[in-house]
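Worksheet: the structure to be examined is printed underneath.
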Amino acid sequence: MGFTVVKKLDKSLARAGILETAHGVVETPVFMPVGTQGTVKSLTPQDLGQIGAQIILGNTYHLYLRPGANIIKELGGLHRFMGWAKPIITDSGGFQAFSLGAMIVHEVKKVSKPSGLGEDRKRKVTWTKEDKEKALKEKAPLVSRITEEGVEFLSHLDGSKHLLSPEKSIEVQLNIGADICLVLDELLSPLHSPEYVKESLERTHRWELRSKTYFDQELEKSTNSQAQLFGIVQGVYDQKVREDEARWVAEQGFSGASIGGSFGVSQYWPRLNRPKNLSGRETVDWVASEAINQTMEWVVPILPHDWPKHALGIGEIWDLFECVERGIDMFDCVAPTRLARNGALYISPKSGGARKNKFRLNIYNSVYKTDPNPVDAHCSCYTCQNFSRAYLRHLFLAQELLAYRLASLHNLHFIINLTRKIRESILAESFFTLKNEWLS
RNA sequence: GCUGGGGUAGCUUAGUGGAUAGAGCAUCAGGCUGUAAACCUGAAGGUUGUGGGUUCGAGUCCCACCCCUGGCG
């Protein structure tokens, strides 16, 4: 079990590697489809194999609530349960602490529009205990809250109360049979104040250590004794914060590192040298990319060279290039599958894909009503080989289930294939040529 | 022919004589980055069947006509 860098570029941190796990090797850079509830929505493991998926991501929080980690364990672990024999990485539930908590209260996202700037600057989000209680009560009946012990959840399924502690999270991940487990962390939002960020990061350190202690202690007894544990670099859009976190994580003896957080700026974390002449929409995109790219630049060089580095939740097309260039090896992202179900289908530069349209077309648009062409004429996926845009549009408008399946197949094939090409370009030392073809 | 019900957005409809006639679906366009997401926003769309009357004011009340629909001849 371990990670080997097989090729590194001179001009950047981009590299190709091989990650060994109990369920086989993973060639990096790699894109990991998200299968939150023990399924990559609408696709079978056979589909995933055919489009070249090497490893998928499952979710502790969802599987713990339903069907329950013990049930999965009894039925032979998640691999057997869902019929996927290749590696699985599991998220710790840290993201749900955020998406059911601060994300709602702060009205931010994983990758946020610039908030706290311009008109929004007046908006003040304090985070005293009283405000927190009040905000949670008023704004979100179903939420998570952070305590020293862990994350308290009210189940989104039945409202029941649960505590996901670092120990519980690891217990669930080991029971599920994850090849790679993640420590429990708390995502920070751009609207968290410096005081709260400090408090939270100190707590996350304690959670990460508790996760690791429990992991080390339980691993041998576990039916999953070859599992690996990744640490998480948390933080906000601030160089010192991120570098400090990277230094801390680097010293804890993990098998790898995931880089997480909510990427955006605010009155607290406004570090911006924004190019002028950008439209409003371009600014939004620029800020999101800038926060992600800068963060990777700050963090990656500090982390051990021989650790696999995982960008949590990142995976838009430009991110793949920019993050690989900055030394990232692994990606997971809901974008390909969620966008697919919502009718946004990826297109390559040769088919009109570009930064400005986010390399997507909206299949619902009426221009595709009679379009006989495949989604992307340069794509070799099953969907593009067999169906027209007009047919796909029809399926979406009719809300036929096949729409979601064909679209997911295409988007995932597209991203996985692109990531594979990126890997090949590193091996062939043509990475920048490829990047230029896509992001010129 | 007699009699009852009904005509409001493409469809289904809400609407005590009082604000710019609302909504759902459909249409159109945005958005979506460790999945509370086959989701969320927004826009467009109206000669209230036609014509007249009462009234400061009518989708609403009155009259005539037209159309749909049920019942009886």
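In the structure tokens, chains take the letters A, B, ... in the order shown, each chain's residues start at 1, and ligands count up from 1 in the order shown.
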- prompt: Any idea which chain A residues end up within 6 Å of chain B if we count only C-alpha atoms (C1' of nucleotides), as number ranges by chain please?
  reply: A: 95, 156, 312-314, 335, 341
Saved selection, atoms kept: N, CA and C atoms, as a CSV table (one decimal), in the first residue's frame:
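Listing of part33.csv after writing:
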chain,number,residue,atom,x,y,z
A,95,PHE,N,-18.3,17.3,5.2
A,95,PHE,CA,-19.0,18.2,4.3
A,95,PHE,C,-20.4,18.4,4.7
A,156,HIS,N,-31.7,14.2,8.0
A,156,HIS,CA,-32.6,14.8,7.0
A,156,HIS,C,-33.6,13.8,6.6
A,312,LEU,N,-10.5,18.1,-2.5
A,312,LEU,CA,-11.8,17.6,-2.1
A,312,LEU,C,-12.9,18.4,-2.8
A,313,GLY,N,-13.8,17.7,-3.5
A,313,GLY,CA,-14.9,18.3,-4.1
A,313,GLY,C,-14.6,19.2,-5.3
A,314,ILE,N,-13.4,19.1,-5.9
A,314,ILE,CA,-13.1,19.9,-7.0
A,314,ILE,C,-13.1,19.1,-8.3
A,335,ALA,N,-20.1,17.4,-9.7
A,335,ALA,CA,-20.5,18.2,-10.9
A,335,ALA,C,-20.8,17.4,-12.1
A,341,ARG,N,-27.6,15.3,-14.7
A,341,ARG,CA,-29.1,15.1,-14.4
A,341,ARG,C,-29.9,16.4,-14.6
- request: Skip Leu397 in chain A itself and residues of its chain fewer than 4 positions away, then list as a ChimeraX atom specification all residues within 12 Å of it, counting only C-alpha atoms (C1' of nucleotides).
  value: /A:341-343,363-366,368-369,390-393,401-404 /B:26-27,38
With N, CA and C atoms (P, O5', C5', C4', C3', O3' and C1' of nucleotides) kept, could you save the residues just selected as a short mmCIF file (atom, residue, chain, number, x, y, z; two decimals), in the first residue's frame?
data_model
loop_
_atom_site.label_atom_id
_atom_site.label_comp_id
_atom_site.auth_asym_id
_atom_site.auth_seq_id
_atom_site.Cartn_x
_atom_site.Cartn_y
_atom_site.Cartn_z
N ARG A 341 -27.65 15.28 -14.66
CA ARG A 341 -29.07 15.11 -14.36
C ARG A 341 -29.86 16.40 -14.56
N ASN A 342 -29.14 17.52 -14.51
CA ASN A 342 -29.82 18.79 -14.71
C ASN A 342 -29.72 19.30 -16.14
N GLY A 343 -29.19 18.47 -17.03
CA GLY A 343 -29.21 18.82 -18.45
C GLY A 343 -28.01 19.60 -18.96
N ILE A 363 -28.91 21.12 -22.61
CA ILE A 363 -29.66 20.31 -23.58
C ILE A 363 -31.14 20.70 -23.62
N TYR A 364 -31.62 21.40 -22.61
CA TYR A 364 -33.01 21.87 -22.62
C TYR A 364 -33.23 22.99 -23.64
N ASN A 365 -32.15 23.67 -24.03
CA ASN A 365 -32.31 24.83 -24.92
C ASN A 365 -32.96 24.43 -26.24
N SER A 366 -33.82 25.32 -26.73
CA SER A 366 -34.64 24.97 -27.90
C SER A 366 -33.82 24.82 -29.17
N TYR A 368 -31.60 22.88 -29.69
CA TYR A 368 -31.27 21.47 -29.91
C TYR A 368 -32.48 20.61 -30.29
N LYS A 369 -33.61 21.29 -30.46
CA LYS A 369 -34.86 20.59 -30.74
C LYS A 369 -34.74 19.61 -31.90
N ALA A 390 -31.03 16.07 -30.19
CA ALA A 390 -32.50 16.18 -30.24
C ALA A 390 -33.15 15.08 -29.41
N TYR A 391 -32.59 13.88 -29.51
CA TYR A 391 -33.15 12.76 -28.74
C TYR A 391 -32.93 12.98 -27.24
N LEU A 392 -31.72 13.39 -26.90
CA LEU A 392 -31.42 13.66 -25.48
C LEU A 392 -32.36 14.73 -24.94
N ARG A 393 -32.55 15.79 -25.73
CA ARG A 393 -33.44 16.88 -25.30
C ARG A 393 -34.85 16.33 -25.08
N LEU A 401 -36.28 8.49 -17.63
CA LEU A 401 -35.15 8.13 -16.79
C LEU A 401 -33.86 7.92 -17.59
N LEU A 402 -34.02 7.49 -18.83
CA LEU A 402 -32.84 7.25 -19.65
C LEU A 402 -32.03 8.54 -19.85
N ALA A 403 -32.71 9.67 -19.78
CA ALA A 403 -32.01 10.95 -19.95
C ALA A 403 -30.88 11.08 -18.93
N TYR A 404 -31.21 10.79 -17.68
CA TYR A 404 -30.23 10.97 -16.61
C TYR A 404 -29.08 9.99 -16.75
P A B 26 -43.85 20.91 -16.22
"O5'" A B 26 -44.33 21.49 -17.63
"C5'" A B 26 -44.82 20.61 -18.63
"C4'" A B 26 -45.27 21.40 -19.84
"C3'" A B 26 -44.21 22.28 -20.48
"O3'" A B 26 -43.38 21.55 -21.36
"C1'" A B 26 -46.17 23.53 -20.17
P U B 27 -41.86 22.00 -21.54
"O5'" U B 27 -41.99 23.45 -22.18
"C5'" U B 27 -42.53 23.61 -23.50
"C4'" U B 27 -42.51 25.07 -23.88
"C3'" U B 27 -41.14 25.73 -23.80
"O3'" U B 27 -40.39 25.46 -24.98
"C1'" U B 27 -42.73 27.13 -22.76
P A B 38 -31.86 14.89 -7.63
"O5'" A B 38 -32.81 15.35 -8.82
"C5'" A B 38 -32.33 16.14 -9.89
"C4'" A B 38 -33.13 15.80 -11.11
"C3'" A B 38 -34.65 15.76 -10.86
"O3'" A B 38 -35.20 17.04 -11.09
"C1'" A B 38 -33.95 13.77 -11.93
#
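If only C-alpha atoms are the atoms counted, then among A:Lys161, A:His192, A:His62, A:Arg15 the closest residue to Ala102 in chain A is A:His192.
Near G49 in chain B, within 12 Å and counting only C-alpha atoms (C1' of nucleotides), sit G6, G7, U8, C65, C66, C67 and C68 of chain B, not including residues fewer than 3 positions from it in the same chain.
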Quick one: write out the picked residues with C-alpha atoms (C1' of nucleotides) as a tab-separated table (two decimals), in the first residue's frame?
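Dumped to result.tsv:
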chain	number	residue	atom	x	y	z
B	6	G	C1'	-69.64	26.85	-17.43
B	7	G	C1'	-66.44	30.30	-20.75
B	8	U	C1'	-60.09	34.08	-17.00
B	65	C	C1'	-75.96	37.33	-28.30
B	66	C	C1'	-72.11	33.41	-29.29
B	67	C	C1'	-69.65	28.89	-27.84
B	68	C	C1'	-68.90	24.32	-24.70
field: Residue set, range 334-434 of chain A restricted to helix (DSSP H, G or I), as number ranges by chain
entry: A: 335-341, 349-351, 355-357, 366-368, 382-386, 389-397, 401-427, 431-434
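Of the listed residues (B:G10, B:G4, B:G70, B:G17), B:G17 comes nearest to A58 in chain B; the distances count only C-alpha atoms (C1' of nucleotides).
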Range 239-251 of chain A environment, 10 Å, only C-alpha atoms (C1' of nucleotides), sequence neighbours closer than 2 positions dropped, as a CSV table (one decimal) with N, CA and C atoms, in the first residue's frame:
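Below is the file out02.csv, written as the result:
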chain,number,residue,atom,x,y,z
A,194,PRO,N,-12.1,35.7,11.6
A,194,PRO,CA,-10.8,35.2,11.9
A,194,PRO,C,-10.8,34.5,13.3
A,197,VAL,N,-12.4,31.1,12.8
A,197,VAL,CA,-11.5,30.2,12.0
A,197,VAL,C,-10.4,29.6,12.9
A,198,LYS,N,-9.9,30.5,13.8
A,198,LYS,CA,-8.8,30.0,14.7
A,198,LYS,C,-9.4,28.9,15.6
A,201,LEU,N,-10.2,25.7,13.5
A,201,LEU,CA,-9.0,24.9,13.1
A,201,LEU,C,-8.3,24.2,14.2
A,202,GLU,N,-8.3,24.8,15.4
A,202,GLU,CA,-7.8,24.1,16.6
A,202,GLU,C,-8.6,22.9,16.9
A,205,HIS,N,-8.0,20.2,14.3
A,205,HIS,CA,-6.8,19.4,14.7
A,205,HIS,C,-7.0,18.3,15.7
A,208,GLU,N,-8.9,15.6,13.9
A,208,GLU,CA,-8.0,14.8,13.0
A,208,GLU,C,-7.1,13.8,13.9
A,209,LEU,N,-6.7,14.3,15.0
A,209,LEU,CA,-5.8,13.5,15.9
A,209,LEU,C,-6.7,12.3,16.5
A,230,PHE,N,-6.4,9.5,5.2
A,230,PHE,CA,-5.9,10.8,4.7
A,230,PHE,C,-6.2,11.9,5.8
A,231,GLY,N,-5.3,12.8,5.9
A,231,GLY,CA,-5.6,14.0,6.7
A,231,GLY,C,-6.2,15.1,5.8
A,232,ILE,N,-6.8,16.1,6.4
A,232,ILE,CA,-7.4,17.1,5.6
A,232,ILE,C,-6.8,18.5,6.0
A,233,VAL,N,-6.4,19.2,4.9
A,233,VAL,CA,-6.0,20.6,5.1
A,233,VAL,C,-7.2,21.5,5.0
A,234,GLN,N,-7.6,22.1,6.1
A,234,GLN,CA,-8.7,23.0,6.1
A,234,GLN,C,-8.2,24.4,5.9
A,235,GLY,N,-9.1,25.4,6.0
A,235,GLY,CA,-8.7,26.8,6.0
A,235,GLY,C,-9.6,27.7,5.2
A,236,VAL,N,-9.2,28.9,5.0
A,236,VAL,CA,-9.9,29.9,4.3
A,236,VAL,C,-9.0,30.5,3.3
A,237,TYR,N,-9.4,31.5,2.6
A,237,TYR,CA,-8.6,32.1,1.5
A,237,TYR,C,-7.6,33.0,2.1
A,253,GLY,N,1.6,12.1,10.1
A,253,GLY,CA,1.8,10.7,9.7
A,253,GLY,C,0.6,10.1,8.9
A,254,PHE,N,-0.1,10.9,8.2
A,254,PHE,CA,-1.2,10.3,7.4
A,254,PHE,C,-0.6,9.7,6.1
A,255,SER,N,-1.5,8.9,5.4
A,255,SER,CA,-1.0,8.3,4.1
A,255,SER,C,-1.1,9.3,2.9
A,256,GLY,N,-1.9,10.4,3.1
A,256,GLY,CA,-2.1,11.3,2.1
A,256,GLY,C,-2.8,12.5,2.6
A,257,ALA,N,-3.1,13.5,1.8
A,257,ALA,CA,-3.8,14.7,2.3
A,257,ALA,C,-4.9,15.1,1.3
A,258,SER,N,-6.0,15.4,1.9
A,258,SER,CA,-7.1,16.0,1.1
A,258,SER,C,-7.1,17.5,1.4
A,259,ILE,N,-7.3,18.3,0.4
A,259,ILE,CA,-7.4,19.7,0.6
A,259,ILE,C,-8.8,20.2,0.5
A,271,ARG,N,-8.5,38.6,0.1
A,271,ARG,CA,-7.2,38.6,-0.6
A,271,ARG,C,-7.4,38.5,-2.2
A,294,GLN,N,-4.9,29.4,-5.8
A,294,GLN,CA,-3.9,30.0,-4.8
A,294,GLN,C,-3.8,29.0,-3.7
A,295,THR,N,-4.9,28.4,-3.2
A,295,THR,CA,-4.9,27.5,-2.1
A,295,THR,C,-4.0,26.3,-2.4
A,296,MET,N,-4.1,25.8,-3.6
A,296,MET,CA,-3.3,24.6,-3.9
A,296,MET,C,-1.8,25.1,-4.0
A,297,GLU,N,-1.5,26.2,-4.5
A,297,GLU,CA,-0.2,26.7,-4.6
A,297,GLU,C,0.5,26.9,-3.2
A,298,TRP,N,-0.3,27.4,-2.3
A,298,TRP,CA,0.2,27.6,-0.9
A,298,TRP,C,0.5,26.2,-0.2
A,299,VAL,N,-0.4,25.3,-0.4
A,299,VAL,CA,-0.5,24.1,0.4
A,299,VAL,C,0.4,23.0,-0.1
A,300,VAL,N,0.3,22.7,-1.4
A,300,VAL,CA,0.9,21.5,-1.9
A,300,VAL,C,2.4,21.4,-1.7
A,301,PRO,N,3.2,22.4,-1.9
A,301,PRO,CA,4.7,22.3,-1.7
A,301,PRO,C,5.0,22.0,-0.3
A,302,ILE,N,4.2,22.3,0.7
A,302,ILE,CA,4.5,22.1,2.1
A,302,ILE,C,4.2,20.6,2.5
A,303,LEU,N,3.3,20.0,1.8
A,303,LEU,CA,2.9,18.6,2.1
A,303,LEU,C,4.0,17.7,1.6
A,304,PRO,N,4.2,16.5,2.2
A,304,PRO,CA,5.2,15.6,1.8
A,304,PRO,C,5.1,15.3,0.3
A,305,HIS,N,6.2,15.3,-0.4
A,305,HIS,CA,6.2,15.0,-1.8
A,305,HIS,C,5.6,13.6,-2.2
A,307,TRP,N,3.2,12.0,-0.7
A,307,TRP,CA,1.8,11.8,-0.4
A,307,TRP,C,1.0,12.1,-1.6
task: Grab the CA of Thr419 in chain A to CA of Val30 in chain A distance for me, in Å with one decimal place.
output: 6.1 Å
- request: Fewer than 5 positions away in the same chain doesn't count, so skip those; otherwise give me all residues within 7 Å of Ser169 in chain A, counting only C-alpha atoms (C1' of nucleotides), as a PyMOL selection string.
  value: chain A and resi 60+92+164+184
Could you dump the residues just selected with N, CA and C atoms as a PDB file, in the first residue's frame?
ATOM      1  N   THR A  60     -19.930   8.747   4.304  1.00  0.00           N
ATOM      2  CA  THR A  60     -20.153   8.236   5.652  1.00  0.00           C
ATOM      3  C   THR A  60     -21.518   8.629   6.206  1.00  0.00           C
ATOM      4  N   SER A  92     -15.780  11.800   5.240  1.00  0.00           N
ATOM      5  CA  SER A  92     -15.960  11.565   6.670  1.00  0.00           C
ATOM      6  C   SER A  92     -17.299  12.045   7.221  1.00  0.00           C
ATOM      7  N   LEU A 164     -22.006  12.582  15.098  1.00  0.00           N
ATOM      8  CA  LEU A 164     -20.921  12.010  14.314  1.00  0.00           C
ATOM      9  C   LEU A 164     -19.615  12.546  14.881  1.00  0.00           C
ATOM     10  N   LEU A 184     -12.312  13.370  10.174  1.00  0.00           N
ATOM     11  CA  LEU A 184     -13.438  14.298  10.294  1.00  0.00           C
ATOM     12  C   LEU A 184     -12.898  15.720  10.401  1.00  0.00           C
TER      13      LEU A 184
END
Near-His378 in chain A list (12 Å; only C-alpha atoms (C1' of nucleotides); drop same-chain fewer than 5 positions) as a PyMOL selection string: chain A and resi 346-353+373+383-385+410+414+417
field: Residues within 10 Å of range 149-151 of chain A, only C-alpha atoms (C1' of nucleotides), excluding chain neighbours under 2 positions, as an MDAnalysis selection string
entry: chainID A and resid 93:94 96:98 101 144:147 153:154 162:169 184:186 203:204 206:207
task: List every residue of range 140-315 of chain A that DSSP, applied to the backbone, labels as strand (DSSP E or B), and write the result as a list in words.
output: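 Listing strand (DSSP E or B) positions across range 140-315 of chain A yields Ser144, Arg145, Ile146, Val151, Glu152, Phe153, Leu154, Lys161, His162, Leu163, Leu164, Ile180, Cys181, Leu182, Gln228, Leu229, Phe230, Gly231, Ile232, Val233, Gly256, Ala257, Ser258, Ile259, Phe263, Lys309, His310 and Ala311 of chain A.
Across the structure, CA of Glu148 in chain A and CA of Val183 in chain A are spaced 14.9 Å apart.
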